[in-house]
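**Q** So I've got this file, data38.txt, and it contains compact mmCIF, C-alpha atoms:
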```txt
# COMPACT_ATOMS: atom_id res chain seq x y z
CA GLY O 1148 90.53 92.42 78.37
CA LEU O 1149 91.08 91.71 82.06
CA LEU O 1150 94.55 93.27 82.08
CA TRP O 1151 93.39 96.36 80.19
CA PHE O 1152 90.46 96.85 82.54
CA TRP O 1153 92.69 96.40 85.58
CA TRP O 1154 95.24 98.83 84.17
CA SER O 1155 92.53 101.47 83.70
CA LEU O 1156 90.92 100.77 87.07
CA CYS O 1157 94.20 101.27 88.92
CA TYR O 1158 94.76 104.51 87.02
CA PHE O 1159 91.44 105.99 88.13
CA LEU O 1160 91.31 104.61 91.68
CA PHE O 1161 94.88 105.10 92.87
CA ARG O 1162 96.93 108.25 92.64
CA ARG O 1163 100.42 107.49 91.40
CA HIS O 1164 102.77 107.13 94.33
CA PRO O 1165 105.49 109.81 94.10
CA LEU O 1166 108.20 107.72 95.77
CA GLU O 1167 109.86 104.42 94.98
CA PRO O 1168 107.81 101.37 95.99
CA LEU O 1169 108.56 99.72 99.30
CA GLY O 1170 111.10 96.94 99.17
CA ALA O 1171 114.23 95.45 100.66
CA HIS O 1172 116.39 97.87 98.64
CA LEU O 1173 119.11 95.27 98.20
CA PRO O 1174 121.74 95.14 95.44
CA TRP O 1175 121.44 92.60 92.66
CA ARG O 1176 124.07 90.31 94.16
CA SER O 1177 122.13 89.99 97.40
CA VAL O 1178 118.84 89.34 95.59
CA LEU O 1179 120.44 86.56 93.56
CA LEU O 1180 122.11 85.08 96.65
CA VAL O 1181 118.89 84.98 98.69
CA SER O 1182 116.91 83.57 95.75
CA LEU O 1183 119.50 80.88 95.06
CA ALA O 1184 119.65 79.85 98.71
CA ALA O 1185 115.86 79.52 98.92
CA ALA O 1186 115.68 77.66 95.60
CA VAL O 1187 118.23 75.06 96.69
CA LEU O 1188 117.40 74.69 100.38
CA THR O 1189 113.63 74.34 100.00
CA PRO O 1190 113.58 71.03 98.08
CA LEU O 1191 116.50 69.69 100.12
CA ILE O 1192 114.70 70.34 103.41
CA LEU O 1193 111.35 69.03 102.18
CA ARG O 1194 113.00 65.84 100.94
CA PHE O 1195 113.16 64.74 104.57
CA ILE O 1196 109.75 66.04 105.70
CA PRO O 1197 106.57 64.08 104.84
CA VAL O 1198 104.16 66.74 103.61
CA GLY O 1199 102.05 64.72 101.20
CA ASN O 1200 98.96 64.60 103.43
CA VAL O 1201 98.95 68.08 104.92
CA LEU O 1202 95.87 69.02 102.87
CA PRO O 1203 93.01 66.85 101.59
CA LEU O 1204 93.42 68.28 98.09
CA ALA O 1205 95.28 66.29 95.46
CA VAL O 1206 98.72 67.64 94.53
CA SER O 1207 98.29 70.80 96.60
CA SER O 1208 99.99 69.68 99.82
CA TYR O 1209 103.54 69.66 98.54
CA LEU O 1210 103.08 72.77 96.41
CA ALA O 1211 101.63 74.79 99.29
CA VAL O 1212 104.37 73.76 101.71
CA HIS O 1213 107.02 74.43 99.06
CA PHE O 1214 105.64 77.94 98.56
CA CYS O 1215 105.54 78.49 102.32
CA LEU O 1216 109.06 77.30 103.13
CA TYR O 1217 110.52 79.09 100.11
CA GLY O 1218 108.91 82.33 101.24
CA LEU O 1219 110.07 81.92 104.82
CA LEU O 1220 113.63 81.42 103.58
CA LEU O 1221 113.36 84.59 101.49
CA LEU O 1222 112.20 86.53 104.55
CA VAL O 1223 114.97 85.05 106.69
CA GLY O 1224 117.51 85.92 104.00
CA THR O 1225 116.42 89.55 103.65
CA THR O 1226 116.28 89.94 107.43
CA ALA O 1227 119.78 88.48 107.77
CA LEU O 1228 120.99 91.10 105.30
CA GLY O 1229 119.50 93.88 107.41
CA ALA O 1230 116.39 94.41 105.29
CA SER O 1231 113.57 93.04 107.42
CA PRO O 1232 110.06 93.88 106.17
CA LEU O 1233 108.67 94.25 109.70
CA PRO O 1234 109.26 98.03 110.04
CA ALA O 1235 107.52 98.62 106.70
CA LEU O 1236 104.62 96.37 107.69
CA ARG O 1237 104.13 98.31 110.92
CA ARG O 1238 103.88 101.60 109.01
CA LEU O 1239 101.38 100.37 106.44
CA SER O 1240 97.91 101.74 106.00
CA TRP O 1241 96.13 98.43 106.38
CA ARG O 1242 92.83 99.92 105.25
CA GLN O 1243 94.31 100.76 101.86
CA THR O 1244 96.28 97.50 101.73
CA LEU O 1245 93.29 95.26 102.42
CA GLY O 1246 90.99 97.35 100.24
CA SER O 1247 93.34 97.11 97.26
CA MET O 1248 93.82 93.39 97.85
CA LEU O 1249 90.08 92.71 98.00
CA LEU O 1250 89.52 94.73 94.83
CA MET O 1251 92.05 92.58 92.98
CA VAL O 1252 90.59 89.34 94.35
CA ALA O 1253 87.00 90.32 93.57
CA LEU O 1254 87.78 91.38 90.01
CA VAL O 1255 89.75 88.25 89.12
CA THR O 1256 87.24 85.92 90.77
CA LEU O 1257 84.25 87.51 89.08
CA VAL O 1258 85.89 87.63 85.65
CA LEU O 1259 87.21 84.08 85.80
CA GLY O 1260 83.96 82.84 87.26
CA THR O 1261 81.86 84.49 84.58
CA VAL O 1262 84.05 83.33 81.71
CA THR O 1263 84.83 79.77 82.80
CA GLN O 1264 82.01 78.67 85.10
CA ASN O 1265 80.11 76.93 82.31
CA TRP O 1266 83.17 75.76 80.39
CA TRP O 1267 85.99 74.04 82.21
CA LEU O 1268 86.81 75.76 85.50
CA ASN O 1269 84.65 76.17 88.58
CA VAL O 1270 85.97 79.02 90.72
CA PHE O 1271 83.05 79.00 93.15
CA PRO O 1272 83.75 75.99 95.38
CA PRO O 1273 81.24 74.24 97.64
CA PHE O 1274 81.22 75.33 101.26
CA ARG O 1275 83.28 72.39 102.56
CA ARG O 1276 86.26 73.53 100.48
CA ILE O 1277 86.27 77.12 101.77
CA PRO O 1278 88.15 76.39 105.04
CA TRP O 1279 90.94 74.83 103.00
CA ALA O 1280 91.16 78.01 100.95
CA PHE O 1281 92.01 79.89 104.15
CA VAL O 1282 94.61 77.28 105.11
CA LEU O 1283 96.16 77.56 101.66
CA PHE O 1284 96.17 81.34 101.93
CA VAL O 1285 98.17 81.18 105.16
CA LEU O 1286 100.67 78.81 103.53
CA LEU O 1287 101.02 80.91 100.38
CA VAL O 1288 101.37 84.34 101.99
CA PRO O 1289 105.05 83.94 103.04
CA TYR O 1290 106.15 83.34 99.46
CA TRP O 1291 104.29 86.21 97.84
CA VAL O 1292 105.14 88.67 100.61
CA GLY O 1293 108.77 87.55 100.76
CA ASP O 1294 109.19 87.70 97.00
CA ALA O 1295 107.51 91.10 96.71
CA TRP O 1296 109.73 92.50 99.44
CA LEU O 1297 112.92 90.99 98.04
CA THR O 1298 112.40 92.19 94.48
CA GLY O 1299 110.91 95.58 95.29
CA ASN O 1300 112.96 98.76 94.96
CA LEU O 1301 116.35 97.34 94.04
CA ARG O 1302 119.33 99.46 94.97
CA ASN O 1303 120.96 99.34 91.54
CA GLY O 1304 118.68 97.78 88.96
CA SER O 1305 115.19 97.23 87.65
CA SER O 1306 112.71 95.63 90.03
CA ARG O 1307 110.78 94.40 87.00
CA TRP O 1308 113.64 92.15 85.93
CA ALA O 1309 114.20 91.05 89.50
CA PHE O 1310 110.57 89.92 89.69
CA TRP O 1311 110.89 87.62 86.68
CA ILE O 1312 114.31 86.32 87.65
CA SER O 1313 113.00 85.43 91.10
CA LYS O 1314 110.17 83.48 89.47
CA ALA O 1315 112.72 81.58 87.38
CA PHE O 1316 114.49 80.61 90.60
CA PHE O 1317 111.21 79.32 92.02
CA ILE O 1318 110.49 77.24 88.91
CA GLY O 1319 114.02 75.90 89.13
CA SER O 1320 113.40 74.99 92.76
CA LEU O 1321 110.34 72.93 91.78
CA LEU O 1322 112.32 71.16 89.06
CA LEU O 1323 115.10 70.43 91.55
CA ALA O 1324 112.47 68.93 93.86
CA VAL O 1325 111.45 66.53 91.08
CA VAL O 1326 115.08 65.56 90.48
CA ILE O 1327 115.55 64.84 94.18
CA ASN O 1328 112.24 63.01 94.58
CA ARG O 1329 110.71 61.30 91.54
CA ASP O 1330 107.41 60.95 93.39
CA LEU O 1331 106.88 64.66 92.75
CA SER O 1332 106.68 64.24 88.98
CA PHE O 1333 103.11 65.56 89.12
CA ILE O 1334 104.73 69.00 89.35
CA PHE O 1335 105.25 68.86 85.59
CA LEU O 1336 101.46 68.82 85.19
CA VAL O 1337 100.93 72.02 87.16
CA LEU O 1338 103.96 73.97 85.92
CA PRO O 1339 102.05 75.54 82.99
CA VAL O 1340 99.38 76.76 85.41
CA ILE O 1341 102.02 78.22 87.74
CA LEU O 1342 103.66 79.99 84.81
CA MET O 1343 100.31 81.43 83.73
CA ILE O 1344 99.68 82.67 87.27
CA PHE O 1345 103.12 84.26 87.46
CA ILE O 1346 102.55 86.10 84.18
CA LEU O 1347 98.94 87.19 84.73
CA PHE O 1348 99.20 88.23 88.36
CA GLY O 1349 102.72 89.53 87.88
CA VAL O 1350 101.42 92.08 85.39
CA MET O 1351 98.42 92.95 87.55
CA GLY O 1352 100.51 93.18 90.69
CA SER O 1353 103.16 95.38 89.11
CA ARG O 1354 100.49 97.85 88.04
CA LEU O 1355 98.97 97.97 91.51
CA THR O 1356 102.38 98.38 93.12
CA GLN O 1357 103.29 101.12 90.67
CA ARG O 1358 100.19 103.12 91.55
CA THR O 1359 100.23 102.60 95.32
CA GLY O 1360 103.95 102.30 96.05
CA ASN O 1361 103.04 99.30 98.20
CA PRO O 1362 103.89 95.73 97.08
CA PHE O 1363 101.86 94.01 99.79
CA PRO O 1364 98.30 94.39 98.37
CA ALA O 1365 99.36 92.62 95.18
CA ALA O 1366 101.21 89.96 97.18
CA LEU O 1367 98.27 89.26 99.48
CA GLY O 1368 95.82 89.41 96.58
CA THR O 1369 97.78 86.91 94.52
CA ALA O 1370 98.07 84.56 97.51
CA ALA O 1371 94.31 84.80 98.10
CA ILE O 1372 93.41 84.20 94.45
CA LEU O 1373 95.76 81.25 94.10
CA ALA O 1374 94.51 79.72 97.36
CA TRP O 1375 90.92 80.12 96.22
CA LEU O 1376 91.59 78.58 92.80
CA ILE O 1377 93.42 75.59 94.28
CA ALA O 1378 90.66 74.97 96.82
CA ALA O 1379 88.02 75.26 94.10
CA THR O 1380 89.60 73.12 91.40
CA PHE O 1381 91.90 70.49 92.89
CA PRO O 1382 90.15 67.17 93.64
CA LEU O 1383 89.38 66.27 97.25
CA ILE O 1384 91.10 63.03 98.24
CA ARG O 1385 89.57 62.63 101.69
```
Would you kindly transcribe this structure into structure tokens?
**A**
Amino acid sequence: GLLWFWWSLCYFLFRRHPLEPLGAHLPWRSVLLVSLAAAVLTPLILRFIPVGNVLPLAVSSYLAVHFCLYGLLLLVGTTALGASPLPALRRLSWRQTLGSMLLMVALVTLVLGTVTQNWWLNVFPPFRRIPWAFVLFVLLVPYWVGDAWLTGNLRNGSSRWAFWISKAFFIGSLLLAVVINRDLSFIFLVLPVILMIFILFGVMGSRLTQRTGNPFPAALGTAAILAWLIAATFPLIR
């Protein structure tokens, strides 16, 4: 129901963009190379950096930092290949970008809140958790922006397949982190949730990108929703 409603809403609110969506416009080989480098380097680097107490939310510290570093490596990789997102970001209509992002966040939050509030998931956190949602948002933005830019508008292939392949690299990176550090075995518990988020928001984001020609509203919206859900649901440990 949510996906159908979102599909229809995007159809009526956004005129179909006549050009290809923004993106790094890299060939498949470069996309795979950048994704592989980020997937391998992220857990290797974090193996030597204590990040377990960055946030007072159980489990979330390592995940948030992993997302952040992975995304930064994607952005560094695309920039090194001559496809920096900065020129595109400077030309954006930020009114449309933020408006589209807020629409996505509001819809998902209201639907999830209405459906699950009295069952098993509280998506409306107490006030003391809200600042941590903003911190999480800042940490999550590099990944979603970097991934959207990397997989958008491939030079010789389907961006849809690139999106899912890039997510497989990220899941592989988390599994590699567990292999390197057994203390991160809790990742197995949250993997199903991450997969669900990739599928649900991947479909919603692709529709929004298709209509606007701009991958950044979906990227920022997904980062905001995920940050909000983590802040609302993960237990406080201090």
**Q** Please identify all polymer residues within 7 Å of range 1368-1373 of chain O, counting all atoms listed in the file, omitting same-chain residues fewer than 6 positions from it, and present them as a ChimeraX atom specification.
**A** /O:1248-1249,1251-1252,1284,1287-1288,1291,1348
**Q** Keeping only C-alpha atoms, write those residues as an mmCIF file, keeping the file's coordinate frame.
**A**
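What follows is the written file out11.cif:
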```cif
data_model
loop_
_atom_site.group_PDB
_atom_site.id
_atom_site.type_symbol
_atom_site.label_atom_id
_atom_site.label_comp_id
_atom_site.auth_asym_id
_atom_site.auth_seq_id
_atom_site.Cartn_x
_atom_site.Cartn_y
_atom_site.Cartn_z
ATOM 1 C CA MET O 1248 93.820 93.390 97.850
ATOM 2 C CA LEU O 1249 90.080 92.710 98.000
ATOM 3 C CA MET O 1251 92.050 92.580 92.980
ATOM 4 C CA VAL O 1252 90.590 89.340 94.350
ATOM 5 C CA PHE O 1284 96.170 81.340 101.930
ATOM 6 C CA LEU O 1287 101.020 80.910 100.380
ATOM 7 C CA VAL O 1288 101.370 84.340 101.990
ATOM 8 C CA TRP O 1291 104.290 86.210 97.840
ATOM 9 C CA PHE O 1348 99.200 88.230 88.360
#
```
**Q** Give me, please, the distance in Å between CA of Ala1315 in chain O and CA of Leu1188 in chain O, quoted to one decimal.
**A**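 Interatomic distance here is 15.4 Å.
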**Q** Return the single residue from O:Ala1171, O:Leu1183, O:Thr1244, O:Arg1275 that is closest to Leu1383 in chain O, with distances computed using all atoms listed in the file.
**A**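 The answer is O:Arg1275, which sits nearest to Leu1383 in chain O.
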**Q** Calculated over all atoms listed in the file, which of the candidates O:Ile1312, O:Leu1342, O:Leu1180, O:Leu1191 has the smallest distance to Thr1298 in chain O?
**A**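 Smallest distance to Thr1298 in chain O is found for O:Ile1312.
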**Q** Please provide the set of residues having any atom within 10 Å of Ala1184 in chain O, restricted to all atoms listed in the file, with same-chain residues fewer than 5 positions apart removed, written as a PyMOL selection string.
**A** chain O and resi 1179+1189+1217+1220-1221+1224+1316+1320
**Q** Just checking: using all atoms listed in the file, which residue out of O:Phe1274, O:Trp1175, O:Tyr1290, O:Trp1241 ends up closest to His1213 in chain O?
**A**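 Among the listed residues, O:Tyr1290 lies closest to His1213 in chain O.
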**Q** Just to confirm, what's the straight-line distance from CA of Ser1240 in chain O to CA of Ser1353 in chain O in Å (one decimal)?
**A** 18.8 Å
**Q** Give as an NGL selection string each residue that has an atom at most 12 Å from (85.6, 79.5, 102.1) in the file, counting all atoms listed in the file.
**A** :O and (1270-1284 or 1371-1372 or 1374-1379)
**Q** Name the residues, using the chain letters and numbers of the file, that sit within 12 Å of (110.8, 70.2, 101.2) when counting all atoms listed in the file, and give them as a JSON list (two decimals) with C-alpha atoms, keeping the file's coordinate frame.
**A**
```
[["chain", "number", "residue", "atom", "x", "y", "z"],
["O", 1185, "ALA", "CA", 115.86, 79.52, 98.92],
["O", 1186, "ALA", "CA", 115.68, 77.66, 95.60],
["O", 1187, "VAL", "CA", 118.23, 75.06, 96.69],
["O", 1188, "LEU", "CA", 117.40, 74.69, 100.38],
["O", 1189, "THR", "CA", 113.63, 74.34, 100.00],
["O", 1190, "PRO", "CA", 113.58, 71.03, 98.08],
["O", 1191, "LEU", "CA", 116.50, 69.69, 100.12],
["O", 1192, "ILE", "CA", 114.70, 70.34, 103.41],
["O", 1193, "LEU", "CA", 111.35, 69.03, 102.18],
["O", 1194, "ARG", "CA", 113.00, 65.84, 100.94],
["O", 1195, "PHE", "CA", 113.16, 64.74, 104.57],
["O", 1196, "ILE", "CA", 109.75, 66.04, 105.70],
["O", 1197, "PRO", "CA", 106.57, 64.08, 104.84],
["O", 1198, "VAL", "CA", 104.16, 66.74, 103.61],
["O", 1199, "GLY", "CA", 102.05, 64.72, 101.20],
["O", 1208, "SER", "CA", 99.99, 69.68, 99.82],
["O", 1209, "TYR", "CA", 103.54, 69.66, 98.54],
["O", 1210, "LEU", "CA", 103.08, 72.77, 96.41],
["O", 1211, "ALA", "CA", 101.63, 74.79, 99.29],
["O", 1212, "VAL", "CA", 104.37, 73.76, 101.71],
["O", 1213, "HIS", "CA", 107.02, 74.43, 99.06],
["O", 1214, "PHE", "CA", 105.64, 77.94, 98.56],
["O", 1215, "CYS", "CA", 105.54, 78.49, 102.32],
["O", 1216, "LEU", "CA", 109.06, 77.30, 103.13],
["O", 1217, "TYR", "CA", 110.52, 79.09, 100.11],
["O", 1220, "LEU", "CA", 113.63, 81.42, 103.58],
["O", 1320, "SER", "CA", 113.40, 74.99, 92.76],
["O", 1321, "LEU", "CA", 110.34, 72.93, 91.78],
["O", 1323, "LEU", "CA", 115.10, 70.43, 91.55],
["O", 1324, "ALA", "CA", 112.47, 68.93, 93.86],
["O", 1325, "VAL", "CA", 111.45, 66.53, 91.08],
["O", 1327, "ILE", "CA", 115.55, 64.84, 94.18],
["O", 1328, "ASN", "CA", 112.24, 63.01, 94.58],
["O", 1331, "LEU", "CA", 106.88, 64.66, 92.75]]
```
**Q** If we count all atoms listed in the file and set the cut-off at 7 Å, which residues sit around Gly1170 in chain O, ignoring sequence neighbours fewer than 4 positions away in its own chain? Please answer as a PyMOL selection string.
**A** chain O and resi 1296-1300
**Q** Given only C-alpha atoms as the basis, pick out the residue of O:Leu1228, O:Gln1357, O:Gly1349, O:Phe1317 nearest to Arg1176 in chain O.
**A**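 Nearest to Arg1176 in chain O: O:Leu1228.
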**Q** For CA of Pro1289 in chain O and CA of Phe1345 in chain O, determine how far apart the two atoms are, in Å to one decimal place.
**A**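 Rounded to one decimal, the two atoms are 15.7 Å apart.
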**Q** Listed atoms of range 1221-1229 of chain O, axis-aligned box, 4 Å per side: centre and edge lengths to one decimal in Å, as JSON?
**A**
```
{"center_x": 116.6, "center_y": 89.2, "center_z": 104.6, "size_x": 16.8, "size_y": 17.3, "size_z": 14.3}
```
